[in-house]
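**Student:** Got a structure here, written out as structure tokens. Questions coming.
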Amino acid sequence: MTTFLTFLVNGALIGLLYSLIALTFIIIYRSSRVFNLAQGELIVIAAFLIWSFSDRLPDNPFIAVLLATLALVVIGLIIERVIIRPLIGADVFSYVMVTIGLLLFLQGVVLVLWGPEIRLFPAIIDLAGVRIGGMVLDRALVYGAIATVVIATGMMIFFNKTQTGLEMTAVAEGHEIALSMGISIKKSLAISWILSCILSIVAAIMFLNGKGLSFAAADVALVALPAVLLAGLESVGGVLIAGLIIGITAQLGSYWLDPLVGGGVADVLPFVFMIIILLIRPTGLFGWKSVDRL
Amino acid sequence: MLEVRNLNVIYQNVIIGTSDVSLVVPEGGIVALLGANGAGKSTTLRAISNLLSGMGGKIVGGSISYKGESLLGVGTREIVKKGVVQVVEGRRILPHMTVEQNLLAGGNGLPNKGARLERLDYVYSLFPKLQPLKSRSSGYLSGGEQQMMLFGRALMAKPDMILLDEPSLGLAPLIVKQLFEFVKKLSAEEGVSFLIVEQNVHVALKVADYGYIMRNGNISHEGEASVLLIDPNLSTYYLG
Amino acid sequence: MKNNQLLSRAWLSIAVILVLIALPFFGGGRVIGIGITMGITMIAVIGLQLTMGYAGQVNMGQSAFMGVGAFAAGFCVSKLGFSAIPGLLCAGIAAALFGLVFGAAAVRIRGFYLALTTIAAQYVFIFIMLKLPHSWFGQAEGLRLKAVGLFGFTLNTDVRVYFFVLFVLVVLTIGAYNIVRSKTGLAFVAIRDQENASALLGINVVKYKLLAFLIGACYAGVAGGLWAYYVRYVQIDQFSLWLSIWYAGMIIVGGTGSILGAIIGTFVISMLQEALTFLGPRLAELVGTGSGQIVFAGMNIILGLAIMICVIYARKGLVGLLPRKLTSE
């Protein structure tokens with residue numbers, strides 16, 4: 001029974017990690033209506049920046065994280081300005097291909113700057129596991145899960161109750177409407193990228209604390225895509241539930257099916273899920289359906 | 001107060017949007033811009049608010065000035081700050097936000113929360129029917145309620161001039177009447193000027209002081225609203 | 001198109017083909033090897049051009065289709081003793097069936113979501129191939145082939161494989177041009193540019209979306225089969241999402257919506273890759289990483305940049321830079 005429970009709880013924790021990563025996609029989509037497929041690379045860059053700064057400042061992990069955040073924000077804002085901004089209003093093919101191009105480019109840059117070797121990501125969070133009941137859980141995942149819930153709730157409040165958040169939501173509704181109301185699209189874009197970068201830093205820590213880091217870590221973002229779709233591309237609130245569903249289903253699927261097929265279920269199940277979602281309900285559980293009045 | 005002179009707009013470098021359009025909206029006045037579909041009315045409004053680029057349009061000649069300052073090349077946001085607010089065509093509400101959120105978003109130019117809440121109270125006092133709806137998701141309002149909300153949203157920005165693009169579209173006659181009564185009231189009590197694009201000629205001319213009729217991208221006729229209203233040739237100015 | 005324009009293009013094409021036929025006799029083994037790989041890639045990329053460039057259906061799973069073809073051909077040749085052409089037919093048909101499944105999804109799912117579906121399907125494909133019985137496709141080990149037979153010859157030298165690939169490439173390129181000029185090709189473009197309007201005009205959108213994927217996948221399948229004949233070892237790692245992305249990149253750089261664009265794009269990117277491989281050791285010293293890495297990283301950087309620049313600034317790709325007379329599209 002403990003094993004089953006462990007799978008369940010781990011599923012929830014991993015699911016919340018997916019939620020956090022999904023948020024980095026969603027926040028950017030909301031403001032620019034461009035889906036940045038290269039987001040995973042930003043998380044990897046976040047991780048490597050933390051690693052590099054920690055390497056130089058081994059006794060000050062928090063300063064290292066702070067510096068990494070600043071650096072990532074600068075990079076993110078440059079990407080927003082140079083690459084994403086021209087894509088606003090462009091057709092799907094354009095922004096799918098440009099963000100894929102960005103993905104390739106960033107992956108190449110990461111390889112050139114940091115090489116292919118696996119590095120040890122600093123244990124910013126204590127490595128000792130968290131004991132609950134009979135289970136031992138990854139401490140970084142637990143802290144990260146709590147952080148995700150707090151962040152997602154915070155985002156919901158931000159977008160619904162604060163003036164800036166309202167303006168950014170208006171921008172998400174439609175650039176032209178927002179513009180005609182006097183709202184600054186550029187400000188929305190900048191803020192959303194800054195937020196997304198900060199979340200990427202948190203996700204990097206949560207996901208890699210004390211573990212091996214290599215350029216291949218970007219794949220984690222791909223696995224978070226199903227959570228994005230299930231929540232709905234604009235949904236900040238739905239992202240928690242969506243992540244939990246994907247994470248738990250994947251782990252439970254793994255628990256039951258791995259012995260039958262020889263492993264690997266947890267990695268592929270989210271994608272199967274994704275295809276099903278796309279076939280049945282592409283706008284996700286909480287995405288903005290168009291409210292058509294007849 | 002608003003002066004458009006010889007405005008020439010083209011779309012995608014080949015399609016003529018407007019050709020030599022000139023009109024004036026005096027301070028506190030209500031002016032109607034009429035014409036059939038495709039005559040260039042919306043194009044003119046978009047040109048004033050600098051909203052042409054989204055549709056591949058650009059101004060290639062003429063001038064637009066407001067209170068003596070040119071609006072050409074000025075960003076839409078600046079134009080709103082100067083006091084010219086447009087309620088664009090198509091009832092563009094923010095459908096996934098509540099009525100109050102829509103209104104507050106419209107007040108983005110106000111300096112602080114206090115100013116916004118004060119302005120919000122003012123808008124509710126003008127449109128008491130909106131208050132009980134304030135937490136309703138705006139996508140689920142009726143057409144008339146939505147249009148009222150859009151008025152209110154425009155007012156949140158403290159405009160001196162409101163550009164209305166086909167406000168009566170799809171609304172029942174009674175609602176349309178109420179809408180235009182608001183226009184008259186705002187003009188009389190608050191001194192707000194209006195430039196109204198309409199296809200509903202009679203209702204518009206009953207409220208307006210002056211009217212322009214567009215056809216094929218230029219102004220085919222103009223005159224005092226009361227005179228136009230009884231002009232037997234009105235439909236020819238429209239259709240040619 | 002005027003007759004003399006048609007004629008001059010025909011002469012140009014023949015000249016190019018003659019040069020290609022002569023190539024093995026002048027170039028060394030390496031040149032032949034590059035030629036084979038490039039030719040195989042071109043076939044897959046032309047297929048992708050038909051699906052994405054002409055019909056506007058985003059497809060990030062072309063390498064999975066190629067994998068299906070490779071495994072099918074590999075299976076048929078190594079376990080059933082097929083010869084080259086039946087093997088390719090098998091490959092094409094197997095991949096086409098797969099393509100049909102995607103086409104069916106494309107009817108319901110559009111644009112961005114379709115791209116995501118094809119990405120997801122790529123992973124599902126890999127998973128399935130790894131889990132199917134070992135005797136079928138070898139799971140993680142893959143399949144090994146003996147040299148395949150063709151009309152009594154055995155394709156056991158690179159030169160022979162080269163000519164076979166060249167032959168198939170020419171046939172399929174002519175086929176692609178014919179498709180583009182046919183009713184099907186026109187329907188593709190209509191759907192790409194204005195799907196709703198096309199439906200209203202009476203174009204059977206469902207049928208043509210299915211066809212777009214079917215044909216594109218078929219090309220990829222044939223490419224996969226040829227790959228199996230050349231390398232004689234088919235393994236799942238050869239068909240990754242990255243390959244699909246590279247193919248899409250080649251189309252963008254060469255020019256979306258043009259067969260010639262697909263060919264040029266493949267050529268240019270492949271040549272860049274060769275150049276980078278050649279310079280690899282020297283660059284690696286400069287930067288301090290392993291030489292294999294620098295090629296992979298360098299290609300990603302260059303291709304990524306090329307894609308971004310082309311989409312934002314040079315929509316027509318390299319083909320758009322050519323004088324009008326050479327291109328017909």
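Numbering starts fresh at 1 for the residues of each chain in the structure tokens, the chains themselves are lettered A, B, ... in the order given, and ligands are numbered from 1 as they appear.
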Neighbouring residues of Ile125 (chain A) were defined as those with any atom within 7 Å, considering only C-alpha atoms; residues of the same chain fewer than 2 positions away were excluded. Please report them as a list of chain:residue names.
**Tutor:**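 Listed by chain and then number, they are A:Ala123, A:Leu127, A:Ala140, A:Asn209.
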**Student:** Could you give me, as CSV, every chain A residue with an atom at most 9 Å from chain B, plus its closest atom pair and distance in Å to one decimal, counting only C-alpha atoms, rows ordered by chain then number?
**Tutor:**
```
residue,atom,partner,partner_atom,distance
A:Gly89,CA,B:Gly54,CA,8.4
A:Asn160,CA,B:Gln101,CA,7.9
A:Lys161,CA,B:Gln101,CA,8.3
A:Gln163,CA,B:Ala105,CA,7.0
A:Thr164,CA,B:Asn108,CA,8.4
A:Leu166,CA,B:Ala105,CA,6.0
A:Glu167,CA,B:Ala105,CA,5.6
A:Thr169,CA,B:Met97,CA,8.2
A:Ala170,CA,B:Leu94,CA,6.4
A:Glu173,CA,B:Leu94,CA,6.1
A:Gly174,CA,B:Leu94,CA,8.1
A:Glu176,CA,B:Gly54,CA,7.5
A:Ile177,CA,B:Arg92,CA,6.6
A:Ala178,CA,B:Ala105,CA,8.6
A:Leu179,CA,B:Arg77,CA,6.5
A:Ser180,CA,B:Thr76,CA,6.5
A:Met181,CA,B:Gly106,CA,5.8
A:Gly182,CA,B:Arg77,CA,4.2
A:Ile183,CA,B:Arg77,CA,6.6
A:Ser184,CA,B:Arg77,CA,7.1
A:Trp288,CA,B:His96,CA,7.3
A:Ser290,CA,B:Pro95,CA,8.2
A:Val291,CA,B:Gly139,CA,6.1
A:Asp292,CA,B:Gly139,CA,8.2
A:Arg293,CA,B:Gly139,CA,8.2
```
**Student:** Separation of CA of Ile194 (chain A) and CA of Arg33 (chain A), in Å?
**Tutor:**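 Separating CA of Ile194 (chain A) from CA of Arg33 (chain A) is a distance of 16.2 Å.
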**Student:** Tell me, as a ChimeraX atom specification, which residues lie within 8 Å of region 275-287 of chain A, counting only C-alpha atoms; anything in the same chain fewer than 5 positions away does not count.
**Tutor:** /A:229-235,238 /C:105,108-109,113,117,120-121
**Student:** Distance CA of Leu126 (chain B)-CA of Leu186 (chain B), one decimal place?
**Tutor:** 9.1 Å
**Student:** Would you pick out the contacts of Gly62 (chain B) at 6 Å or less, using only C-alpha atoms, so that residues sharing its chain but fewer than 4 positions from it are not included, and give the list as a list in words?
**Tutor:**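 Counting only the stated atoms, we get Arg5, Asn6 and Leu7 of chain B.
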**Student:** For the residues selected in the previous step, produce a file with C-alpha atoms as a CSV table (one decimal), in the first residue's frame.
**Tutor:**
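The result, stored in out36.csv:
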```
chain,number,residue,atom,x,y,z
B,5,ARG,CA,-8.7,67.1,-44.1
B,6,ASN,CA,-8.3,65.3,-47.4
B,7,LEU,CA,-7.7,62.0,-45.8
```
**Student:** My list of candidates is B:Tyr66, B:Tyr122, B:Tyr210, B:Phe182. Which is closest to Met148 (chain B) when distances are computed with only C-alpha atoms?
**Tutor:**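 Checking each of B:Tyr66, B:Tyr122, B:Tyr210, B:Phe182 against Met148 (chain B), counting only C-alpha atoms, the winner is B:Phe182.
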**Student:** Each residue of chain C lying at most 6 Å from chain A should get a row with its shortest atom-to-atom pair and the distance in Å to one decimal, counting only C-alpha atoms; could you produce that, ordered by chain and increasing number, as a tab-separated table?
**Tutor:**
```
residue	atom	partner	partner_atom	distance
C:Phe112	CA	A:Val92	CA	5.8
C:Thr117	CA	A:Ile275	CA	5.7
C:Ala120	CA	A:Phe271	CA	5.1
C:Ala297	CA	A:Gly108	CA	4.0
C:Asn300	CA	A:Leu104	CA	5.0
C:Ile301	CA	A:Phe105	CA	4.1
C:Gly304	CA	A:Gly101	CA	4.0
C:Ile307	CA	A:Gly101	CA	5.3
C:Met308	CA	A:Val98	CA	4.9
```
**Student:** Please save N, CA and C atoms of the selected residues as a compact mmCIF listing (two decimals), in the first residue's frame.
**Tutor:**
```
# COMPACT_ATOMS: atom_id res chain seq x y z
N PHE C 112 -1.73 25.01 -35.01
CA PHE C 112 -0.82 24.85 -33.89
C PHE C 112 -1.04 23.52 -33.18
N THR C 117 0.20 17.71 -32.01
CA THR C 117 -0.19 16.31 -32.16
C THR C 117 0.92 15.53 -32.84
N ALA C 120 3.69 14.91 -30.39
CA ALA C 120 3.34 13.84 -29.45
C ALA C 120 3.40 12.48 -30.13
N ALA C 297 26.18 21.23 -32.31
CA ALA C 297 25.80 22.53 -31.76
C ALA C 297 25.83 23.60 -32.84
N ASN C 300 22.91 23.36 -35.12
CA ASN C 300 21.70 23.85 -34.48
C ASN C 300 21.66 25.37 -34.48
N ILE C 301 22.80 25.97 -34.17
CA ILE C 301 22.83 27.43 -34.13
C ILE C 301 22.56 28.00 -35.52
N GLY C 304 18.96 27.10 -36.65
CA GLY C 304 18.02 27.87 -35.86
C GLY C 304 17.96 29.33 -36.33
N ILE C 307 16.36 29.59 -39.80
CA ILE C 307 14.91 29.47 -39.76
C ILE C 307 14.28 30.77 -39.29
N MET C 308 14.81 31.31 -38.19
CA MET C 308 14.21 32.53 -37.65
C MET C 308 14.30 33.68 -38.65
```
**Student:** Apply DSSP to the backbone of this structure and, from region 104-205 of chain B, keep only the residues in alpha helix (DSSP H); write these as a PyMOL selection string.
**Tutor:** chain B and resi 104-106+113-126+143-156+173-185+201-205
**Student:** Please list as a list of chain:residue names every residue within 10 Å of Leu208 (chain A), counting only C-alpha atoms and excluding residues in the same chain fewer than 6 positions away.
**Tutor:**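 Contacts, with the query itself left out: A:Val44, A:Ala47, A:Leu120, A:Phe121, A:Pro122, A:Ala123, A:Ile124, A:Ala140, A:Leu141, A:Ala217.
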**Student:** At a cut-off of 10 Å, using only C-alpha atoms, what residues contact Leu164 (chain B)? Leave out same-chain residues fewer than 4 positions from it and give the result as a PyMOL selection string.
**Tutor:** chain B and resi 32-33+42+45+85-89+150-151+154+168+194-198
**Student:** Output C-alpha atoms of each residue in that selection to a file, as a PDB file, in the first residue's frame.
**Tutor:**
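part.pdb, freshly written:
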```pdb
ATOM      1  CA  ALA B  32     -22.972  61.435 -37.830  1.00  0.00           C
ATOM      2  CA  LEU B  33     -20.925  59.653 -40.493  1.00  0.00           C
ATOM      3  CA  SER B  42     -14.958  52.653 -40.301  1.00  0.00           C
ATOM      4  CA  LEU B  45     -12.559  56.227 -37.643  1.00  0.00           C
ATOM      5  CA  VAL B  85     -11.557  57.227 -27.351  1.00  0.00           C
ATOM      6  CA  GLN B  86     -13.059  54.869 -29.888  1.00  0.00           C
ATOM      7  CA  VAL B  87     -15.612  52.167 -29.335  1.00  0.00           C
ATOM      8  CA  VAL B  88     -14.552  50.003 -32.247  1.00  0.00           C
ATOM      9  CA  GLU B  89     -17.021  48.145 -34.389  1.00  0.00           C
ATOM     10  CA  LEU B 150     -18.700  49.589 -23.823  1.00  0.00           C
ATOM     11  CA  PHE B 151     -19.945  53.163 -23.457  1.00  0.00           C
ATOM     12  CA  ALA B 154     -14.962  54.360 -22.993  1.00  0.00           C
ATOM     13  CA  SER B 168     -26.774  50.149 -33.040  1.00  0.00           C
ATOM     14  CA  PHE B 194     -19.297  62.433 -30.643  1.00  0.00           C
ATOM     15  CA  LEU B 195     -18.453  61.167 -34.094  1.00  0.00           C
ATOM     16  CA  ILE B 196     -20.879  58.362 -34.817  1.00  0.00           C
ATOM     17  CA  VAL B 197     -20.646  55.973 -37.710  1.00  0.00           C
ATOM     18  CA  GLU B 198     -24.037  54.495 -38.405  1.00  0.00           C
TER      19      GLU B 198
END
```
**Student:** Per DSSP on the backbone, filter region 51-155 of chain B down to the residues in strand (DSSP E) and report them as an mmCIF file with C-alpha atoms, in the first residue's frame.
**Tutor:**
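Wrote result.cif, looks like this:
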```cif
data_model
loop_
_atom_site.group_PDB
_atom_site.id
_atom_site.type_symbol
_atom_site.label_atom_id
_atom_site.label_comp_id
_atom_site.auth_asym_id
_atom_site.auth_seq_id
_atom_site.Cartn_x
_atom_site.Cartn_y
_atom_site.Cartn_z
ATOM 1 C CA GLY B 57 -4.028 49.955 -43.994
ATOM 2 C CA LYS B 58 -2.107 53.195 -43.951
ATOM 3 C CA ILE B 59 -2.674 56.890 -44.336
ATOM 4 C CA VAL B 60 -1.121 58.142 -47.538
ATOM 5 C CA GLY B 61 -2.341 61.686 -47.585
ATOM 6 C CA GLY B 62 -4.223 64.366 -45.717
ATOM 7 C CA SER B 63 -4.251 65.471 -42.115
ATOM 8 C CA ILE B 64 -6.002 64.721 -38.870
ATOM 9 C CA SER B 65 -5.814 67.175 -36.009
ATOM 10 C CA TYR B 66 -7.405 67.343 -32.598
ATOM 11 C CA GLU B 69 -2.449 69.092 -32.639
ATOM 12 C CA SER B 70 -1.819 66.631 -35.433
ATOM 13 C CA VAL B 84 -10.159 60.660 -28.108
ATOM 14 C CA VAL B 85 -11.557 57.227 -27.351
ATOM 15 C CA GLN B 86 -13.059 54.869 -29.888
ATOM 16 C CA VAL B 87 -15.612 52.167 -29.335
#
```
**Student:** Would you list the contacts of Gln199 (chain B) as a list in words, taking every protein, DNA or RNA residue within 12 Å and counting only C-alpha atoms, but skipping same-chain residues closer than 6 positions in sequence?
**Tutor:**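 Everything that qualifies: Ala32, Leu33, Leu34, Gly35, Ala36, Asn37, Gly38, Ala39, Lys41, Ser42, Leu164, Asp165, Glu166, Pro167, Ser168, Leu169, Gly170, Leu205, Tyr212, Ile213, Met214, Ser235 and Tyr238 of chain B.
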**Student:** Write a file of the selected residues as a PDB file, in the first residue's frame, keeping C-alpha atoms.
**Tutor:**
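Saved as selection30.pdb:
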```pdb
ATOM      1  CA  ALA B  32     -22.972  61.435 -37.830  1.00  0.00           C
ATOM      2  CA  LEU B  33     -20.925  59.653 -40.493  1.00  0.00           C
ATOM      3  CA  LEU B  34     -23.257  57.669 -42.669  1.00  0.00           C
ATOM      4  CA  GLY B  35     -23.112  55.447 -45.690  1.00  0.00           C
ATOM      5  CA  ALA B  36     -23.578  51.928 -46.946  1.00  0.00           C
ATOM      6  CA  ASN B  37     -21.310  49.012 -46.177  1.00  0.00           C
ATOM      7  CA  GLY B  38     -17.795  49.472 -47.437  1.00  0.00           C
ATOM      8  CA  ALA B  39     -18.177  53.200 -47.944  1.00  0.00           C
ATOM      9  CA  LYS B  41     -16.748  55.084 -42.586  1.00  0.00           C
ATOM     10  CA  SER B  42     -14.958  52.653 -40.301  1.00  0.00           C
ATOM     11  CA  LEU B 164     -18.670  55.237 -32.038  1.00  0.00           C
ATOM     12  CA  ASP B 165     -18.533  52.663 -34.804  1.00  0.00           C
ATOM     13  CA  GLU B 166     -21.960  51.254 -35.594  1.00  0.00           C
ATOM     14  CA  PRO B 167     -23.286  51.183 -32.030  1.00  0.00           C
ATOM     15  CA  SER B 168     -26.774  50.149 -33.040  1.00  0.00           C
ATOM     16  CA  LEU B 169     -25.778  47.050 -34.980  1.00  0.00           C
ATOM     17  CA  GLY B 170     -27.857  44.059 -33.988  1.00  0.00           C
ATOM     18  CA  LEU B 205     -29.649  62.071 -37.787  1.00  0.00           C
ATOM     19  CA  TYR B 212     -21.682  63.450 -43.580  1.00  0.00           C
ATOM     20  CA  ILE B 213     -22.586  60.781 -46.077  1.00  0.00           C
ATOM     21  CA  MET B 214     -19.898  58.622 -47.581  1.00  0.00           C
ATOM     22  CA  SER B 235     -30.924  57.597 -50.449  1.00  0.00           C
ATOM     23  CA  TYR B 238     -26.044  56.805 -50.035  1.00  0.00           C
TER      24      TYR B 238
END
```
